[in-house]
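Next comes structure_1.txt, a file with compact mmCIF, N, CA and C atoms.
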```txt
# COMPACT_ATOMS: atom_id res chain seq x y z
N MET A 140 -25.02 70.82 -23.49
CA MET A 140 -24.79 69.39 -23.41
C MET A 140 -25.92 68.77 -22.60
N ASP A 141 -26.49 67.71 -23.14
CA ASP A 141 -27.58 67.06 -22.40
C ASP A 141 -27.01 66.21 -21.28
N TRP A 142 -27.88 65.75 -20.40
CA TRP A 142 -27.43 65.06 -19.20
C TRP A 142 -26.75 63.73 -19.51
N ALA A 143 -27.18 63.02 -20.55
CA ALA A 143 -26.57 61.71 -20.86
C ALA A 143 -25.12 61.88 -21.32
N SER A 144 -24.87 62.88 -22.16
CA SER A 144 -23.48 63.07 -22.61
C SER A 144 -22.61 63.62 -21.50
N GLU A 145 -23.19 64.40 -20.59
CA GLU A 145 -22.41 64.90 -19.46
C GLU A 145 -22.04 63.76 -18.51
N ILE A 146 -22.97 62.85 -18.28
CA ILE A 146 -22.67 61.68 -17.44
C ILE A 146 -21.60 60.82 -18.10
N ALA A 147 -21.71 60.63 -19.43
CA ALA A 147 -20.72 59.83 -20.14
C ALA A 147 -19.34 60.49 -20.06
N ALA A 148 -19.30 61.81 -20.14
CA ALA A 148 -18.02 62.52 -20.04
C ALA A 148 -17.41 62.34 -18.66
N TRP A 149 -18.22 62.43 -17.61
CA TRP A 149 -17.70 62.26 -16.25
C TRP A 149 -17.26 60.82 -16.00
N VAL A 150 -17.98 59.86 -16.58
CA VAL A 150 -17.56 58.45 -16.45
C VAL A 150 -16.21 58.25 -17.14
N ALA A 151 -16.03 58.86 -18.32
CA ALA A 151 -14.76 58.74 -19.04
C ALA A 151 -13.63 59.39 -18.25
N VAL A 152 -13.88 60.56 -17.69
CA VAL A 152 -12.86 61.23 -16.88
C VAL A 152 -12.51 60.40 -15.65
N GLY A 153 -13.53 59.85 -14.99
CA GLY A 153 -13.28 59.00 -13.82
C GLY A 153 -12.48 57.76 -14.18
N PHE A 154 -12.80 57.14 -15.32
CA PHE A 154 -12.07 55.96 -15.75
C PHE A 154 -10.60 56.29 -16.03
N LEU A 155 -10.37 57.40 -16.75
CA LEU A 155 -8.99 57.78 -17.06
C LEU A 155 -8.21 58.15 -15.81
N ALA A 156 -8.88 58.80 -14.85
CA ALA A 156 -8.22 59.13 -13.59
C ALA A 156 -7.85 57.87 -12.82
N ALA A 157 -8.78 56.91 -12.76
CA ALA A 157 -8.50 55.65 -12.07
C ALA A 157 -7.37 54.89 -12.77
N LEU A 158 -7.38 54.90 -14.08
CA LEU A 158 -6.32 54.25 -14.84
C LEU A 158 -4.97 54.90 -14.55
N GLY A 159 -4.95 56.23 -14.48
CA GLY A 159 -3.72 56.95 -14.16
C GLY A 159 -3.21 56.60 -12.78
N VAL A 160 -4.11 56.49 -11.80
CA VAL A 160 -3.71 56.13 -10.44
C VAL A 160 -3.12 54.73 -10.40
N VAL A 161 -3.74 53.80 -11.12
CA VAL A 161 -3.24 52.42 -11.16
C VAL A 161 -1.85 52.38 -11.79
N ILE A 162 -1.65 53.12 -12.87
CA ILE A 162 -0.34 53.13 -13.53
C ILE A 162 0.71 53.74 -12.62
N ILE A 163 0.37 54.83 -11.94
CA ILE A 163 1.34 55.44 -11.01
C ILE A 163 1.68 54.49 -9.88
N LEU A 164 0.70 53.77 -9.35
CA LEU A 164 0.97 52.81 -8.29
C LEU A 164 1.87 51.68 -8.78
N LEU A 165 1.65 51.22 -10.02
CA LEU A 165 2.50 50.17 -10.58
C LEU A 165 3.92 50.68 -10.82
N ILE A 166 4.06 51.93 -11.21
CA ILE A 166 5.40 52.51 -11.39
C ILE A 166 6.11 52.60 -10.04
N LEU A 167 5.38 53.02 -9.02
CA LEU A 167 6.00 53.12 -7.69
C LEU A 167 6.41 51.76 -7.15
N ARG A 168 5.68 50.73 -7.54
CA ARG A 168 6.01 49.37 -7.13
C ARG A 168 7.30 48.89 -7.76
N GLY A 169 7.57 49.35 -8.97
CA GLY A 169 8.83 49.05 -9.65
C GLY A 169 9.02 47.60 -9.99
N LYS A 170 10.16 47.06 -9.62
CA LYS A 170 10.54 45.71 -10.01
C LYS A 170 9.73 44.63 -9.32
N ASP A 171 9.04 44.96 -8.25
CA ASP A 171 8.28 43.96 -7.50
C ASP A 171 6.92 43.70 -8.14
N GLY A 172 6.90 43.31 -9.40
CA GLY A 172 5.66 43.00 -10.08
C GLY A 172 4.97 44.21 -10.68
N GLY A 173 5.66 45.35 -10.74
CA GLY A 173 5.08 46.56 -11.28
C GLY A 173 5.72 46.93 -12.61
N ILE A 174 5.70 48.21 -12.89
CA ILE A 174 6.30 48.74 -14.12
C ILE A 174 7.68 49.27 -13.78
N ASP A 175 8.71 48.65 -14.37
CA ASP A 175 10.08 49.05 -14.11
C ASP A 175 10.52 50.07 -15.16
N LEU A 176 10.80 51.28 -14.72
CA LEU A 176 11.20 52.35 -15.63
C LEU A 176 12.72 52.48 -15.77
N GLN A 177 13.44 51.55 -15.20
CA GLN A 177 14.90 51.64 -15.20
C GLN A 177 15.46 51.68 -16.61
N ARG A 178 14.87 50.95 -17.53
CA ARG A 178 15.40 50.89 -18.89
C ARG A 178 14.47 51.57 -19.89
N LEU A 179 13.79 52.60 -19.45
CA LEU A 179 12.82 53.28 -20.30
C LEU A 179 13.47 53.89 -21.54
N VAL A 180 14.62 54.47 -21.40
CA VAL A 180 15.28 55.12 -22.54
C VAL A 180 16.58 54.42 -22.92
N SER A 181 16.71 53.14 -22.59
CA SER A 181 17.92 52.42 -22.95
C SER A 181 17.61 51.34 -23.98
N GLU A 182 18.63 50.96 -24.70
CA GLU A 182 18.50 49.91 -25.71
C GLU A 182 18.67 48.55 -25.06
N ASP A 183 18.63 47.51 -25.88
CA ASP A 183 18.76 46.15 -25.37
C ASP A 183 20.10 45.91 -24.67
N ASP A 184 21.15 46.62 -25.12
CA ASP A 184 22.47 46.44 -24.51
C ASP A 184 22.65 47.27 -23.25
N GLY A 185 21.64 48.05 -22.86
CA GLY A 185 21.70 48.84 -21.63
C GLY A 185 22.20 50.25 -21.81
N LYS A 186 22.66 50.60 -23.01
CA LYS A 186 23.16 51.95 -23.26
C LYS A 186 21.98 52.90 -23.51
N ALA A 187 22.16 54.16 -23.11
CA ALA A 187 21.10 55.15 -23.29
C ALA A 187 20.87 55.42 -24.78
N SER A 188 19.62 55.65 -25.14
CA SER A 188 19.25 55.92 -26.52
C SER A 188 18.75 57.36 -26.63
N MET A 189 19.45 58.17 -27.40
CA MET A 189 19.04 59.56 -27.59
C MET A 189 17.70 59.65 -28.32
N SER A 190 17.45 58.75 -29.27
CA SER A 190 16.19 58.80 -30.01
C SER A 190 15.01 58.46 -29.11
N ARG A 191 15.17 57.50 -28.22
CA ARG A 191 14.09 57.17 -27.27
C ARG A 191 13.84 58.34 -26.31
N PHE A 192 14.93 58.94 -25.83
CA PHE A 192 14.79 60.06 -24.91
C PHE A 192 14.09 61.24 -25.59
N GLN A 193 14.49 61.55 -26.82
CA GLN A 193 13.87 62.65 -27.56
C GLN A 193 12.39 62.38 -27.79
N PHE A 194 12.04 61.16 -28.18
CA PHE A 194 10.64 60.81 -28.41
C PHE A 194 9.84 60.93 -27.12
N LEU A 195 10.41 60.49 -26.01
CA LEU A 195 9.74 60.58 -24.72
C LEU A 195 9.51 62.04 -24.32
N ILE A 196 10.54 62.87 -24.45
CA ILE A 196 10.42 64.28 -24.07
C ILE A 196 9.41 65.00 -24.97
N PHE A 197 9.49 64.82 -26.29
CA PHE A 197 8.53 65.46 -27.19
C PHE A 197 7.11 65.06 -26.85
N THR A 198 6.89 63.77 -26.58
CA THR A 198 5.54 63.30 -26.27
C THR A 198 5.03 63.94 -24.98
N PHE A 199 5.85 63.99 -23.95
CA PHE A 199 5.41 64.59 -22.69
C PHE A 199 5.19 66.10 -22.81
N VAL A 200 6.03 66.79 -23.56
CA VAL A 200 5.86 68.24 -23.72
C VAL A 200 4.56 68.53 -24.47
N ILE A 201 4.32 67.83 -25.56
CA ILE A 201 3.09 68.06 -26.33
C ILE A 201 1.87 67.63 -25.53
N GLY A 202 1.94 66.49 -24.85
CA GLY A 202 0.82 66.04 -24.02
C GLY A 202 0.51 67.00 -22.89
N THR A 203 1.55 67.54 -22.26
CA THR A 203 1.34 68.50 -21.18
C THR A 203 0.70 69.78 -21.71
N GLY A 204 1.15 70.23 -22.86
CA GLY A 204 0.57 71.42 -23.47
C GLY A 204 -0.91 71.24 -23.79
N VAL A 205 -1.25 70.08 -24.32
CA VAL A 205 -2.66 69.79 -24.62
C VAL A 205 -3.47 69.72 -23.33
N LEU A 206 -2.93 69.07 -22.31
CA LEU A 206 -3.64 68.96 -21.03
C LEU A 206 -3.88 70.33 -20.41
N ILE A 207 -2.88 71.18 -20.41
CA ILE A 207 -3.03 72.53 -19.86
C ILE A 207 -4.08 73.31 -20.65
N SER A 208 -4.06 73.18 -21.96
CA SER A 208 -5.05 73.87 -22.79
C SER A 208 -6.46 73.38 -22.51
N VAL A 209 -6.62 72.08 -22.32
CA VAL A 209 -7.94 71.52 -22.00
C VAL A 209 -8.41 72.02 -20.64
N LEU A 210 -7.51 72.06 -19.66
CA LEU A 210 -7.91 72.52 -18.33
C LEU A 210 -8.25 74.01 -18.32
N GLU A 211 -7.54 74.81 -19.11
CA GLU A 211 -7.81 76.25 -19.15
C GLU A 211 -9.07 76.58 -19.94
N ASN A 212 -9.27 75.93 -21.08
CA ASN A 212 -10.36 76.30 -21.98
C ASN A 212 -11.58 75.40 -21.88
N GLY A 213 -11.42 74.24 -21.27
CA GLY A 213 -12.55 73.32 -21.14
C GLY A 213 -12.89 72.56 -22.41
N ARG A 214 -12.02 72.63 -23.40
CA ARG A 214 -12.25 71.89 -24.65
C ARG A 214 -10.90 71.48 -25.24
N PHE A 215 -10.95 70.49 -26.12
CA PHE A 215 -9.74 70.01 -26.76
C PHE A 215 -9.25 71.05 -27.76
N PRO A 216 -7.97 71.40 -27.73
CA PRO A 216 -7.46 72.46 -28.62
C PRO A 216 -7.29 71.97 -30.06
N ASP A 217 -7.23 72.91 -30.96
CA ASP A 217 -6.89 72.60 -32.34
C ASP A 217 -5.38 72.45 -32.42
N VAL A 218 -4.95 71.23 -32.62
CA VAL A 218 -3.51 70.95 -32.68
C VAL A 218 -3.07 71.14 -34.12
N GLY A 219 -2.12 72.04 -34.34
CA GLY A 219 -1.66 72.35 -35.68
C GLY A 219 -0.80 71.26 -36.29
N SER A 220 -0.66 71.34 -37.59
CA SER A 220 0.14 70.34 -38.30
C SER A 220 1.62 70.45 -37.93
N ASP A 221 2.06 71.63 -37.47
CA ASP A 221 3.46 71.77 -37.08
C ASP A 221 3.76 70.94 -35.84
N ILE A 222 2.81 70.84 -34.92
CA ILE A 222 3.01 70.01 -33.72
C ILE A 222 3.07 68.54 -34.11
N PHE A 223 2.15 68.12 -34.97
CA PHE A 223 2.19 66.73 -35.42
C PHE A 223 3.45 66.46 -36.24
N GLY A 224 3.92 67.47 -36.96
CA GLY A 224 5.16 67.32 -37.71
C GLY A 224 6.35 67.08 -36.80
N LEU A 225 6.44 67.87 -35.72
CA LEU A 225 7.53 67.68 -34.76
C LEU A 225 7.48 66.31 -34.10
N LEU A 226 6.29 65.88 -33.73
CA LEU A 226 6.15 64.56 -33.12
C LEU A 226 6.48 63.47 -34.14
N GLY A 227 6.08 63.69 -35.39
CA GLY A 227 6.38 62.72 -36.45
C GLY A 227 7.87 62.62 -36.73
N ILE A 228 8.56 63.76 -36.72
CA ILE A 228 10.01 63.76 -36.93
C ILE A 228 10.70 62.99 -35.80
N SER A 229 10.24 63.21 -34.59
CA SER A 229 10.82 62.50 -33.45
C SER A 229 10.57 60.99 -33.56
N ALA A 230 9.35 60.62 -33.93
CA ALA A 230 9.03 59.20 -34.09
C ALA A 230 9.83 58.58 -35.24
N ALA A 231 9.97 59.33 -36.33
CA ALA A 231 10.75 58.82 -37.46
C ALA A 231 12.21 58.64 -37.08
N GLY A 232 12.73 59.53 -36.26
CA GLY A 232 14.11 59.37 -35.78
C GLY A 232 14.27 58.11 -34.96
N TYR A 233 13.28 57.82 -34.12
CA TYR A 233 13.33 56.60 -33.32
C TYR A 233 13.27 55.36 -34.22
N VAL A 234 12.33 55.36 -35.15
CA VAL A 234 12.20 54.21 -36.05
C VAL A 234 13.45 54.05 -36.91
N GLY A 235 13.99 55.17 -37.39
CA GLY A 235 15.23 55.11 -38.18
C GLY A 235 16.39 54.53 -37.40
N SER A 236 16.50 54.91 -36.12
CA SER A 236 17.59 54.38 -35.32
C SER A 236 17.42 52.88 -35.09
N LYS A 237 16.18 52.44 -34.90
CA LYS A 237 15.94 51.00 -34.72
C LYS A 237 16.26 50.24 -36.00
N MET A 238 15.90 50.82 -37.15
CA MET A 238 16.21 50.15 -38.42
C MET A 238 17.72 50.09 -38.64
N ALA A 239 18.43 51.14 -38.29
CA ALA A 239 19.89 51.16 -38.44
C ALA A 239 20.54 50.12 -37.54
N GLN A 240 20.00 49.95 -36.34
CA GLN A 240 20.54 48.94 -35.43
C GLN A 240 20.31 47.54 -35.96
N LYS A 241 19.15 47.30 -36.54
CA LYS A 241 18.84 45.96 -37.05
C LYS A 241 19.72 45.61 -38.24
N THR A 242 19.97 46.58 -39.12
CA THR A 242 20.79 46.28 -40.29
C THR A 242 22.28 46.24 -39.96
N ALA A 243 22.70 46.87 -38.87
CA ALA A 243 24.11 46.88 -38.50
C ALA A 243 24.53 45.60 -37.80
N ARG A 244 23.60 44.86 -37.26
CA ARG A 244 23.94 43.63 -36.54
C ARG A 244 24.24 42.52 -37.54
N PRO A 245 25.27 41.73 -37.28
CA PRO A 245 25.56 40.61 -38.17
C PRO A 245 24.48 39.54 -38.04
N PRO A 246 24.21 38.82 -39.12
CA PRO A 246 23.20 37.76 -39.02
C PRO A 246 23.67 36.65 -38.09
N PRO A 247 22.76 35.98 -37.43
CA PRO A 247 23.16 34.90 -36.52
C PRO A 247 23.79 33.74 -37.26
N GLU A 248 24.73 33.11 -36.61
CA GLU A 248 25.38 31.95 -37.19
C GLU A 248 24.40 30.78 -37.23
N PRO A 249 24.53 29.89 -38.22
CA PRO A 249 23.66 28.70 -38.24
C PRO A 249 23.88 27.87 -36.98
N GLY A 250 22.79 27.45 -36.41
CA GLY A 250 22.87 26.65 -35.20
C GLY A 250 22.75 27.47 -33.94
N ASP A 251 22.85 28.82 -34.04
CA ASP A 251 22.69 29.68 -32.86
C ASP A 251 21.21 29.85 -32.57
N GLY A 252 20.88 29.94 -31.33
CA GLY A 252 19.61 30.40 -30.93
C GLY A 252 18.55 29.49 -30.69
```
Starting from the file, give its structure as C-alpha cells.
Amino acid sequence: MDWASEIAAWVAVGFLAALGVVIILLILRGKDGGIDLQRLVSEDDGKASMSRFQFLIFTFVIGTGVLISVLENGRFPDVGSDIFGLLGISAAGYVGSKMAQKTARPPPEPGDG
C-alpha cells in the first residue's frame, strides 16, 4: 500500500472512531437533547416489537462478527450469501410486520386529523 492510500485509510478510521464517540456521547445524554433509546424496539403504541428486536440483534451479531474478522485478519472478510440471506429474512420480517400493521388499521374518519 502506498503512503497516500495508507493516510486515507487512517483518516477514514479516525473519522469513524470520532463519529462513534459522538454517537455514544449522544446516547449517554439520552432525552436531554441526545439520542433516546427508550423506544428503540417498540412500536408507535409503546408495545415491544419482536420484528424490530430480531432485526436489531441480527444486525449487531453480523456486524460484530465482521468487526472481529477485520481486527483479526486486517482485511474485510468475504461475507457469504447465507449471512446476507439471514439479514434479508430479518429485514423482510420487519417490513412485513409494518405492512400488516398499516393494513390492519382502520382508515381515518373524514374530518379527522
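Around the coordinate (10.6, 57.8, -32.8), residues that reach within 10 Å when counting only C-alpha atoms are Ser190, Arg191, Phe192, Gln193, Phe194, Leu195, Phe197, Thr198, Leu226, Gly227, Ile228, Ser229, Ala230, Ala231, Gly232, Tyr233, Val234, Gly235, Ser236 and Lys237 of chain A.
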What are the centre and edge lengths in Å, to one decimal, of the axis-aligned box around all listed atoms of segment 233-238 of chain A with 4 Å added on each side, as AutoDock Vina command-line options?
```
--center_x 15.0 --center_y 54.0 --center_z -36.0 --size_x 13.5 --size_y 15.7 --size_z 13.3
```
Report, in Å to a single decimal, how far apart atom C of Leu155 of chain A and atom N of Asn212 of chain A are.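 Pair atom N of Asn212 of chain A / atom C of Leu155 of chain A returns 18.6 Å.
Reported to one decimal place, the separation of atom CA of Val218 of chain A from atom CA of Val205 of chain A is 8.2 Å.
With atom N of Val200 of chain A on one side and atom N of Leu179 of chain A on the other, the separation reads 16.7 Å.
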Among chain A, which ones does DSSP assign to helix (DSSP H, G or I) (computed from the backbone)? Answer as a PyMOL selection string. chain A and resi 142-168+189-212+220-243
